[in-house]
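Participant: What follows is upload22.txt, made up of compact mmCIF, C-alpha atoms:
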```txt
# COMPACT_ATOMS: atom_id res chain seq x y z
CA MET A 1 75.85 36.95 20.99
CA ARG A 2 73.76 35.59 18.13
CA LYS A 3 71.79 38.84 17.83
CA ARG A 4 74.58 41.39 18.22
CA GLU A 5 72.27 44.21 17.12
CA LEU A 6 70.19 43.66 20.26
CA TYR A 7 73.21 44.20 22.48
CA ASN A 8 74.45 47.15 20.47
CA LYS A 9 71.10 48.94 20.75
CA TYR A 10 70.23 47.84 24.30
CA ASP A 11 70.62 51.36 25.73
CA LEU A 12 68.29 52.66 23.03
CA LEU A 13 65.61 50.07 23.88
CA LEU A 14 65.82 50.59 27.67
CA PRO A 15 67.48 53.89 28.62
CA SER A 16 68.90 54.22 32.15
CA LYS A 17 67.12 56.21 34.87
CA PHE A 18 68.71 59.62 34.40
CA ASP A 19 69.44 59.25 30.69
CA GLY A 20 65.78 59.53 29.78
CA GLY A 21 64.17 56.61 31.61
CA TYR A 22 62.53 58.67 34.38
CA LEU A 23 61.67 61.35 31.80
CA ILE A 24 59.63 58.85 29.72
CA ILE A 25 57.78 57.60 32.83
CA ALA A 26 57.01 61.16 33.97
CA LEU A 27 55.71 62.11 30.49
CA TYR A 28 53.52 58.99 30.46
CA GLU A 29 52.00 59.80 33.89
CA LYS A 30 51.38 63.46 33.04
CA LEU A 31 49.71 62.49 29.75
CA LYS A 32 47.55 59.95 31.58
CA ASN A 33 46.56 62.53 34.21
CA ARG A 34 45.96 65.13 31.47
CA GLU A 35 48.49 67.51 33.00
CA ILE A 36 50.06 68.08 29.58
CA GLU A 37 48.74 67.83 26.03
CA GLU A 38 49.37 64.88 23.76
CA TYR A 39 51.84 67.02 21.81
CA PHE A 40 54.17 68.67 24.36
CA THR A 41 56.99 71.18 24.01
CA GLN A 42 60.62 71.39 25.11
CA LYS A 43 59.61 73.77 27.88
CA GLU A 44 57.50 71.05 29.52
CA ILE A 45 60.34 68.55 29.07
CA ASN A 46 62.81 70.87 30.80
CA GLN A 47 60.35 71.39 33.66
CA ILE A 48 60.08 67.62 34.18
CA LEU A 49 63.90 67.27 34.20
CA THR A 50 64.05 70.00 36.85
CA ASP A 51 61.44 68.17 38.95
CA ILE A 52 63.46 64.93 38.68
CA LYS A 53 66.56 66.77 39.88
CA THR A 54 64.64 68.13 42.90
CA ASP A 55 62.84 64.89 43.80
CA PHE A 56 66.02 62.79 43.79
CA HIS A 57 68.21 65.47 45.41
CA LEU A 58 70.68 65.54 42.53
CA ASP A 59 73.24 68.23 41.86
CA SER A 60 72.42 68.12 38.15
CA VAL A 61 70.76 66.00 35.46
CA ARG A 62 71.64 65.50 31.82
CA GLN A 63 70.14 68.21 29.68
CA TRP A 64 67.57 67.61 26.97
CA SER A 65 70.11 68.33 24.21
CA ASN A 66 72.32 65.45 25.47
CA ILE A 67 69.66 62.72 25.72
CA LYS A 68 67.20 63.51 22.95
CA ASP A 69 69.21 61.77 20.20
CA ASN A 70 68.93 58.40 21.95
CA LEU A 71 65.27 58.87 22.83
CA PHE A 72 64.31 59.75 19.25
CA HIS A 73 65.17 56.22 18.12
CA TYR A 74 62.19 54.51 19.79
CA PHE A 75 60.53 56.68 22.47
CA LEU A 76 59.85 60.17 21.08
CA ARG A 77 58.85 61.66 17.74
CA SER A 78 58.48 65.20 16.42
CA HIS A 79 55.13 66.47 15.20
CA PRO A 80 55.21 66.50 11.34
CA ASP A 81 53.58 69.96 11.07
CA GLU A 82 54.97 71.51 14.27
CA PRO A 83 58.55 70.24 14.67
CA TRP A 84 59.00 72.02 18.02
CA LYS A 85 56.37 69.72 19.54
CA TYR A 86 56.90 66.08 20.48
CA TYR A 87 54.82 63.00 21.33
CA LEU A 88 55.37 59.60 22.96
CA THR A 89 55.53 56.59 20.63
CA ASP A 90 53.38 53.51 21.12
CA TYR A 91 56.55 51.59 21.99
CA ALA A 92 57.23 53.96 24.90
CA LYS A 93 53.67 53.58 26.19
CA ASN A 94 53.87 49.78 25.90
CA VAL A 95 57.16 49.68 27.84
CA VAL A 96 55.69 51.72 30.71
CA ASP A 97 52.48 49.66 30.66
CA LEU A 98 54.61 46.51 30.93
CA MET A 99 56.42 47.91 33.98
CA ILE A 100 53.15 48.95 35.63
CA SER A 101 51.61 45.54 34.92
CA LYS A 102 54.62 43.84 36.49
CA LEU A 103 54.63 46.03 39.61
CA GLU A 104 50.85 46.30 39.98
CA ASN A 105 49.62 43.03 38.52
CA PRO A 106 45.81 43.18 38.15
CA TYR A 107 45.46 39.48 39.01
CA LYS A 108 46.68 39.87 42.62
CA ASN A 109 43.13 40.23 43.95
CA HIS A 110 41.50 37.95 41.40
CA PRO A 111 41.06 34.25 42.32
CA LEU A 112 42.90 31.74 40.13
CA LYS A 113 39.86 29.44 40.23
CA LYS A 114 37.71 32.17 38.63
CA SER A 115 40.25 32.63 35.80
CA VAL A 116 40.36 28.87 35.11
CA GLN A 117 36.57 28.54 35.13
CA ASP A 118 36.04 31.60 32.91
CA SER A 119 38.56 30.41 30.33
CA PHE A 120 38.17 26.63 30.44
CA THR A 121 34.57 25.50 30.93
CA LEU A 122 32.50 23.10 28.83
CA ARG A 123 28.72 23.32 28.96
CA HIS A 124 26.43 20.45 28.08
CA GLY A 125 25.64 20.34 24.38
CA GLU A 126 27.94 23.29 23.61
CA ILE A 127 30.27 21.31 21.30
CA LYS A 128 28.46 19.56 18.44
CA THR A 129 31.08 19.63 15.67
CA VAL A 130 34.84 19.74 15.57
CA GLU A 131 34.55 23.28 14.21
CA ASP A 132 32.80 24.31 17.44
CA LEU A 133 35.62 22.70 19.43
CA GLU A 134 38.33 24.39 17.36
CA ARG A 135 36.58 27.76 17.52
CA LYS A 136 36.46 27.62 21.33
CA PHE A 137 39.65 25.76 22.30
CA GLY A 138 41.86 25.77 19.18
CA ARG A 139 45.54 26.61 19.53
CA ILE A 140 45.06 30.14 18.14
CA PHE A 141 41.73 30.95 19.81
CA ILE A 142 42.88 29.87 23.28
CA GLN A 143 46.11 31.92 23.39
CA GLY A 144 44.42 34.76 25.28
CA SER A 145 43.04 32.41 27.93
CA LYS A 146 46.42 30.71 28.31
CA GLN A 147 48.10 34.07 28.78
CA ILE A 148 45.59 35.02 31.49
CA ILE A 149 46.40 31.88 33.49
CA THR A 150 50.16 32.38 32.97
CA ASP A 151 49.99 36.03 34.07
CA HIS A 152 47.89 35.00 37.05
CA LEU A 153 50.48 32.45 38.21
CA GLU A 154 53.27 34.96 37.72
CA SER A 155 51.34 37.42 39.89
CA LEU A 156 50.83 34.69 42.50
CA GLU A 157 54.55 33.91 42.54
CA ASP A 158 55.41 37.60 43.01
CA GLU A 159 52.84 37.93 45.78
CA LEU A 160 54.10 34.89 47.66
CA ARG A 161 57.71 36.01 47.21
CA GLU A 162 56.86 39.33 48.87
CA ALA A 163 55.04 37.51 51.68
CA TYR A 164 58.06 35.23 52.10
CA LYS A 165 60.32 38.24 52.59
CA LYS A 166 57.93 39.61 55.23
CA LEU A 167 57.99 36.27 57.08
CA ASN A 168 61.79 36.28 57.10
CA ASP A 169 61.81 39.86 58.40
CA ILE A 170 59.44 38.85 61.20
CA LEU A 171 61.65 35.90 62.18
CA ARG A 172 64.73 38.15 62.26
CA LYS A 173 62.96 40.46 64.74
CA GLU A 174 62.21 37.58 67.09
CA ASP A 175 64.42 38.86 69.89
CA GLU A 176 62.94 42.37 69.65
CA GLN A 177 59.25 41.42 69.78
CA SER A 178 57.12 39.64 72.33
CA ALA A 179 55.72 36.20 71.52
CA THR A 180 52.17 37.59 71.21
CA SER A 181 53.05 40.32 68.70
CA LEU A 182 55.34 37.93 66.80
CA VAL A 183 52.61 35.33 66.37
CA LYS A 184 50.10 38.02 65.42
CA ASP A 185 52.35 39.46 62.69
CA PHE A 186 53.24 35.98 61.43
CA THR A 187 49.56 34.93 61.30
CA VAL A 188 48.53 38.03 59.34
CA VAL A 189 51.10 37.29 56.63
CA PHE A 190 50.55 33.53 56.72
CA ARG A 191 46.80 33.96 56.16
CA LYS A 192 47.65 34.92 52.57
CA PHE A 193 49.41 31.56 52.09
CA GLY A 194 46.35 29.71 53.38
CA GLU A 195 44.00 31.57 51.06
CA ARG A 196 46.25 30.93 48.08
CA ALA A 197 46.58 27.22 48.94
CA GLU A 198 42.77 26.86 49.02
CA ASP A 199 42.44 28.79 45.76
CA ILE A 200 45.04 26.58 44.05
CA THR A 201 43.31 23.38 45.27
CA GLU A 202 39.93 24.51 43.90
CA SER A 203 41.60 25.55 40.62
CA ILE A 204 43.16 22.10 40.20
CA ILE A 205 39.73 20.50 40.74
CA SER A 206 38.22 22.79 38.07
CA LYS A 207 41.09 22.02 35.69
CA ASP A 208 40.77 18.24 36.16
CA LYS A 209 37.01 18.38 35.56
CA PHE A 210 37.54 20.38 32.35
CA LEU A 211 40.15 17.94 31.01
CA ASN A 212 37.85 15.01 31.80
CA ASP A 213 34.92 16.68 29.96
CA LEU A 214 37.18 17.51 27.01
CA LEU A 215 38.41 13.91 26.84
CA ASN A 216 34.80 12.70 26.73
CA ILE A 217 34.18 14.93 23.70
CA VAL A 218 37.29 13.55 21.98
CA ASP A 219 36.02 10.02 22.72
CA GLN A 220 32.70 10.91 21.10
CA PHE A 221 34.52 11.84 17.88
CA TYR A 222 36.40 8.53 18.09
CA ARG A 223 33.19 6.53 18.55
CA LYS A 224 31.67 8.43 15.60
CA MET A 225 34.64 7.33 13.48
CA GLU A 226 34.16 3.71 14.59
CA ASP A 227 30.41 3.78 13.79
CA ASP A 228 31.04 5.29 10.36
CA GLY A 229 33.55 2.53 9.71
CA LYS A 230 30.75 -0.01 10.23
CA PHE A 231 27.68 1.70 8.76
CA ASP A 232 28.77 4.71 6.65
CA THR A 233 32.11 4.05 4.98
CA ASN A 234 31.80 7.13 2.78
CA ASN A 235 32.08 9.38 5.84
CA VAL A 236 35.01 7.59 7.46
CA HIS A 237 37.69 9.95 6.12
CA LYS A 238 35.95 13.07 7.51
CA SER A 239 35.24 11.37 10.84
CA LYS A 240 38.89 10.39 11.16
CA SER A 241 40.00 13.94 10.34
CA ASP A 242 37.59 15.35 12.96
CA TRP A 243 38.89 12.97 15.61
CA GLU A 244 42.54 13.82 14.82
CA ARG A 245 41.79 17.55 15.09
CA ALA A 246 40.00 17.03 18.41
CA GLU A 247 42.88 14.87 19.70
CA GLU A 248 45.38 17.58 18.70
CA ILE A 249 43.39 20.23 20.61
CA PHE A 250 43.20 18.01 23.70
CA THR A 251 46.96 17.29 23.56
CA ASP A 252 47.79 20.99 23.28
CA ILE A 253 45.60 21.95 26.26
CA ARG A 254 46.83 18.99 28.33
CA GLU A 255 50.47 19.99 27.74
CA PHE A 256 49.61 23.55 28.73
CA PHE A 257 48.04 22.37 31.99
CA ASN A 258 51.04 20.08 32.61
CA SER A 259 53.28 23.16 32.51
CA ILE A 260 50.80 24.91 34.83
CA ASP A 261 50.97 21.93 37.21
CA ARG A 262 54.76 22.25 37.37
CA LYS A 263 54.48 25.94 38.28
CA VAL A 264 51.75 25.21 40.82
CA TYR A 265 53.95 22.49 42.36
CA ILE A 266 56.70 25.06 42.98
CA ILE A 267 54.19 27.47 44.52
CA ARG A 268 52.77 24.76 46.78
CA ARG A 269 56.30 23.91 47.94
CA GLN A 270 56.74 27.55 48.98
CA ILE A 271 53.46 27.41 50.89
CA ASN A 272 54.45 24.14 52.61
CA HIS A 273 57.83 25.60 53.55
CA ALA A 274 56.11 28.63 55.08
CA SER A 275 53.88 26.25 57.05
CA GLU A 276 56.98 24.47 58.36
CA LYS A 277 58.38 27.84 59.46
CA LEU A 278 55.19 28.50 61.42
CA THR A 279 55.49 25.08 63.08
CA GLU A 280 59.12 25.81 64.00
CA LEU A 281 58.05 29.12 65.50
CA GLN A 282 55.37 27.40 67.58
CA GLU A 283 57.88 24.80 68.80
CA GLN A 284 60.33 27.55 69.69
CA PHE A 285 57.65 29.33 71.70
CA SER A 286 56.81 26.05 73.47
CA ALA A 287 60.47 25.49 74.38
CA ARG A 288 60.83 29.08 75.58
CA ALA A 289 57.65 28.80 77.66
CA PHE A 290 58.89 25.53 79.20
CA PHE A 291 62.25 27.13 80.07
CA ARG A 292 60.52 30.08 81.74
CA LEU A 293 58.29 27.67 83.67
CA GLN A 294 61.35 25.83 84.96
CA LEU A 295 62.94 29.12 86.00
CA LYS A 296 59.74 30.01 87.87
CA LYS A 297 59.78 26.67 89.68
CA LEU A 298 63.45 27.17 90.60
CA HIS A 299 62.68 30.66 91.90
CA ARG A 300 59.83 29.37 94.06
CA THR A 301 62.04 26.59 95.46
CA LEU A 302 64.72 29.11 96.29
CA LEU A 303 62.23 31.27 98.18
CA GLU A 304 60.81 28.30 100.09
CA SER A 305 64.29 26.98 101.05
CA SER A 306 65.93 30.24 102.12
CA GLN A 307 65.67 32.80 104.90
CA TYR A 308 67.01 36.28 105.42
CA THR A 309 69.42 36.88 108.32
CA THR A 310 71.65 39.72 109.46
CA GLU A 311 74.49 38.03 107.59
CA GLY A 312 72.45 37.84 104.39
CA VAL A 313 70.40 35.16 102.65
CA ARG A 314 71.01 31.64 103.96
CA PHE A 315 69.65 28.40 102.53
CA SER A 316 68.20 25.72 104.77
CA ASN A 317 68.29 21.94 104.38
CA ASN A 318 71.74 22.09 102.78
CA PHE A 319 70.19 23.59 99.63
CA PRO A 320 71.22 23.21 96.85
CA LEU A 321 72.08 19.52 96.93
CA LYS A 322 74.49 18.05 94.42
CA GLN A 323 74.65 14.39 93.50
CA VAL A 324 76.23 12.45 90.62
CA VAL A 325 73.68 10.77 88.41
CA TYR A 326 74.14 7.01 88.68
CA GLU A 327 72.30 4.07 87.13
CA PRO A 328 73.40 0.43 87.41
CA ILE A 329 74.38 -1.29 84.18
CA ARG A 330 72.01 -4.00 83.06
CA ILE A 331 73.30 -6.80 80.86
CA LEU A 332 70.61 -8.66 78.95
CA TYR A 333 71.34 -12.13 77.56
CA PRO A 334 69.15 -14.81 75.94
CA LYS A 335 68.25 -17.84 78.03
CA HIS A 336 68.39 -20.24 75.06
CA TYR A 337 70.37 -20.11 71.86
CA GLU A 338 70.05 -22.39 68.81
CA PHE A 339 73.48 -23.47 67.59
CA GLU A 340 72.19 -25.59 64.73
CA PRO A 341 72.32 -24.03 61.23
CA PRO A 342 68.99 -23.04 59.73
CA LYS A 343 67.23 -25.58 57.60
CA PRO A 344 67.25 -24.84 53.85
CA ASN A 345 64.01 -24.10 52.03
CA ILE A 346 62.65 -26.94 49.91
CA ILE A 347 60.86 -26.30 46.60
CA VAL A 348 57.95 -28.67 46.09
CA ASN A 349 56.90 -29.24 42.49
CA ILE A 350 53.13 -29.50 42.31
CA GLU A 351 51.80 -31.85 39.69
CA VAL A 352 49.49 -30.50 37.01
CA ASP A 353 45.81 -31.21 37.57
CA GLU A 354 44.75 -31.95 34.00
CA THR A 355 41.05 -32.36 34.87
CA TYR A 356 40.94 -28.95 36.60
CA GLU A 357 42.85 -27.31 33.74
CA ARG A 358 40.49 -28.81 31.13
CA ASN A 359 37.40 -27.67 33.05
CA GLU A 360 38.71 -24.12 33.43
CA LYS A 361 39.56 -23.89 29.71
CA GLN A 362 36.05 -25.07 28.87
CA LYS A 363 34.59 -22.36 31.13
CA ILE A 364 36.73 -19.67 29.44
CA ALA A 365 35.80 -20.88 25.95
CA LYS A 366 32.13 -20.95 26.91
CA GLU A 367 32.28 -17.36 28.27
CA ILE A 368 34.10 -16.11 25.14
CA ASN A 369 31.48 -17.75 22.91
CA ARG A 370 28.76 -16.20 25.06
CA GLN A 371 30.23 -12.70 24.71
CA GLN A 372 30.53 -13.16 20.94
CA ILE A 373 26.84 -14.08 20.73
CA ILE A 374 25.94 -10.99 22.82
CA ASN A 375 28.00 -8.77 20.48
CA GLN A 376 26.27 -10.29 17.45
CA TRP A 377 22.84 -9.55 18.94
CA VAL A 378 23.89 -5.97 19.75
CA ASP A 379 25.05 -5.41 16.15
CA LYS A 380 21.83 -6.97 14.91
CA ALA A 381 19.76 -4.65 17.14
CA LYS A 382 21.65 -1.61 15.86
CA ASP A 383 20.99 -2.72 12.26
CA ILE A 384 17.25 -3.01 13.03
CA LEU A 385 17.33 0.48 14.57
CA GLU A 386 19.12 1.91 11.51
CA SER A 387 16.84 0.22 8.96
CA LYS A 388 13.43 0.57 10.68
CA GLY A 389 14.08 3.68 12.78
CA GLN A 390 12.83 2.04 15.99
CA LEU A 391 13.42 -1.00 18.15
CA SER A 392 11.11 -2.70 20.70
CA VAL A 393 13.12 -3.91 23.68
CA ASP A 394 10.62 -6.58 24.79
CA GLU A 395 10.43 -8.07 21.28
CA LEU A 396 14.22 -8.10 21.09
CA MET A 397 14.53 -9.86 24.46
CA ASN A 398 11.83 -12.45 23.50
CA SER A 399 13.71 -13.23 20.26
CA ILE A 400 16.98 -13.73 22.16
CA VAL A 401 15.37 -15.94 24.82
CA ASP A 402 13.58 -18.09 22.19
CA GLU A 403 16.73 -18.62 20.18
CA GLU A 404 19.49 -18.72 22.83
CA LYS A 405 17.47 -20.06 25.80
CA ASP A 406 19.41 -17.66 28.10
CA LEU A 407 17.67 -14.79 29.91
CA SER A 408 20.98 -13.21 31.06
CA MET A 409 22.03 -12.76 27.41
CA ALA A 410 18.80 -10.93 26.64
CA TYR A 411 19.27 -8.73 29.70
CA GLN A 412 22.86 -7.77 28.75
CA VAL A 413 21.87 -6.93 25.16
CA ALA A 414 19.04 -4.72 26.42
CA SER A 415 21.39 -2.99 28.87
CA ARG A 416 23.96 -2.26 26.16
CA MET A 417 21.32 -0.86 23.82
CA THR A 418 20.07 1.39 26.63
CA ALA A 419 23.64 2.62 27.16
CA TYR A 420 23.91 3.19 23.41
CA THR A 421 20.99 5.65 23.58
CA SER A 422 22.76 7.60 26.35
CA GLU A 423 25.95 7.95 24.30
CA ASN A 424 24.22 9.16 21.10
CA SER A 425 22.21 12.36 21.16
CA ASN A 426 20.32 11.42 17.95
CA VAL A 427 18.90 8.23 19.50
CA LEU A 428 15.90 8.51 21.85
CA ILE A 429 14.35 6.07 24.31
CA ASP A 430 10.62 6.02 25.05
CA VAL A 431 9.48 4.25 28.22
CA GLU A 432 5.74 3.66 28.62
CA GLN A 433 4.44 2.69 32.05
CA LYS A 434 2.90 -0.53 30.79
CA ILE A 435 4.16 -3.84 32.15
CA ILE A 436 5.23 -6.41 29.56
CA SER A 437 5.97 -10.00 30.61
CA LEU A 438 8.46 -12.10 28.69
CA SER A 439 7.14 -15.37 27.35
CA GLN A 440 7.99 -18.41 29.49
CA GLN A 441 10.13 -16.22 31.79
CA ASN A 442 9.53 -14.95 35.29
CA LEU A 443 10.42 -11.37 34.30
CA SER A 444 8.38 -8.22 33.65
CA LEU A 445 9.51 -4.85 32.35
CA TRP A 446 8.14 -1.49 31.17
CA LYS A 447 7.20 -1.23 27.51
CA THR A 448 10.29 0.39 26.03
CA LYS A 449 11.07 1.62 22.50
CA ILE A 450 14.34 2.94 21.11
CA MET A 451 13.86 5.39 18.23
CA LYS A 452 16.15 7.27 15.89
```
Take the structure in the file and give it back as structure tokens.

Facilitator:
Amino acid sequence: MRKRELYNKYDLLLPSKFDGGYLIIALYEKLKNREIEEYFTQKEINQILTDIKTDFHLDSVRQWSNIKDNLFHYFLRSHPDEPWKYYLTDYAKNVVDLMISKLENPYKNHPLKKSVQDSFTLRHGEIKTVEDLERKFGRIFIQGSKQIITDHLESLEDELREAYKKLNDILRKEDEQSATSLVKDFTVVFRKFGERAEDITESIISKDKFLNDLLNIVDQFYRKMEDDGKFDTNNVHKSKSDWERAEEIFTDIREFFNSIDRKVYIIRRQINHASEKLTELQEQFSARAFFRLQLKKLHRTLLESSQYTTEGVRFSNNFPLKQVVYEPIRILYPKHYEFEPPKPNIIVNIEVDETYERNEKQKIAKEINRQQIINQWVDKAKDILESKGQLSVDELMNSIVDEEKDLSMAYQVASRMTAYTSENSNVLIDVEQKIISLSQQNLSLWKTKIMK
């Protein structure tokens, strides 16, 4: 009871049916259908109260003079220049709109996948700065899209709940309906579950793709911060701030979709349970059909083993025969049995092979040194690209081969520089169809330049 005022004024916020509730709904509908003017009179109010009395077969309804005081708190107002005329407040209209939206949710016939794709889609090159990202997916700007998905799931839950009730009603009428009509009715309702299951699956795929694309954008801001830390220290603070803002946006949207996943999990459980009910129904029909088949066989046997006489129906061949079911007991025993206790396990300590250990450590140290040299050449190539604005791949590979005497190092450096051009939109790669052969190496490649 923390907000006692809310409880004290509850009847004023939501009046009961015949204390003004139906009157407000009827006024709203007549205004919407233009049956009355925006500013209506007491005569029109009294006519609506009379109609309510007739429609609901009531002996009497509360008169206008008894309910108007409560309604004038939030639902009705008097016209300032013509006090005998009244109008509905915006609060009253919003309350009725909320009820209509709950009962006739507009998202019932709208696919969830379409809502997810319309609200959460990233196009190539759409996000260039963190301001673009915040303007499109910031916590404030995305509230409308979040609400659409939430309303859509609420509509889906209501729709499946109604379908669930229909399935239960069908199962209760099992004894009254034939198997054919029962399966037909069940299939018509269950088709809705199948459509919703497919829609949810496609929506999850769309959501996962969006989160993956958004994470790639956040990673781009992180790589920008790392590059500025190496080459442009004056811009590090801004790059770090941009990355933190992008990370915050991604975390907010990921948490939202986690809550959506929990709701979708509950809905999928309902769908799976309905599928189990259909399987049970099929099994029940199979058992019933088998029982009827056995009855048919028994009936045929009776007809074949009986004859009609003046004394009545008589069975031939001592039908039916009765016999006690008997099966001899079989005792199985092992031919051989080991009476000795099991032998304990023995732990064998293997001696250390120092030569093998030393060789493996040398291999690891050599590979680490090799990777360090590759990283140094990559940093050197990036410095050349920053200072000169372009980099010749064949010249770079020749320099590495001449100095390091290792073609695989030159190949890995060239591959990483090519990948660097793919990750940065401001770096271009120009490939000319002219074969260049590396000096003293059995390798040829296209003439390639990386430009900035």

Participant: Give the answer as one residue: which of A:Val116, A:Ala163, A:Phe315, A:Leu396 has the shortest atom-to-atom distance to Ile260 (chain A), using all atoms listed in the file?

Facilitator: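 Among the listed residues, the smallest separation from Ile260 (chain A) belongs to A:Val116.
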
Participant: When you draw a straight line from CA of Ser415 (chain A) to CA of Val378 (chain A), how long is it in Å?

Facilitator: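 For CA of Ser415 (chain A) relative to CA of Val378 (chain A), the distance reads 9.9 Å.
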
Participant: Between CA of Gly229 (chain A) and CA of Glu386 (chain A), measure the distance and give it in Å to one decimal.

Facilitator: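 Computing the Euclidean distance for CA of Gly229 (chain A) and CA of Glu386 (chain A) yields 14.6 Å.
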
Participant: Provide the CA of Glu44 (chain A) to CA of Tyr28 (chain A) distance in Å, to one decimal place.

Facilitator: 12.7 Å

Participant: Using all atoms listed in the file, which residue out of A:Ser101, A:Ser422, A:Ser305, A:Ser119 lies closest to Lys207 (chain A)?

Facilitator: A:Ser119

Participant: Counting only C-alpha atoms, which residue out of A:Phe18, A:Trp64, A:Tyr164, A:Tyr356 sits closest to His273 (chain A)?

Facilitator: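 Result for the nearest residue to His273 (chain A): A:Tyr164.
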
Participant: So that I can see what lies close to region 55-60 of chain A, please list as a list in words the residues with an atom at most 12 Å from it, counting all atoms listed in the file and leaving out residues fewer than 5 positions away in the same chain.

Facilitator: Lys17, Phe18, Asp19, Tyr22, Ile48, Leu49 and Thr50 of chain A
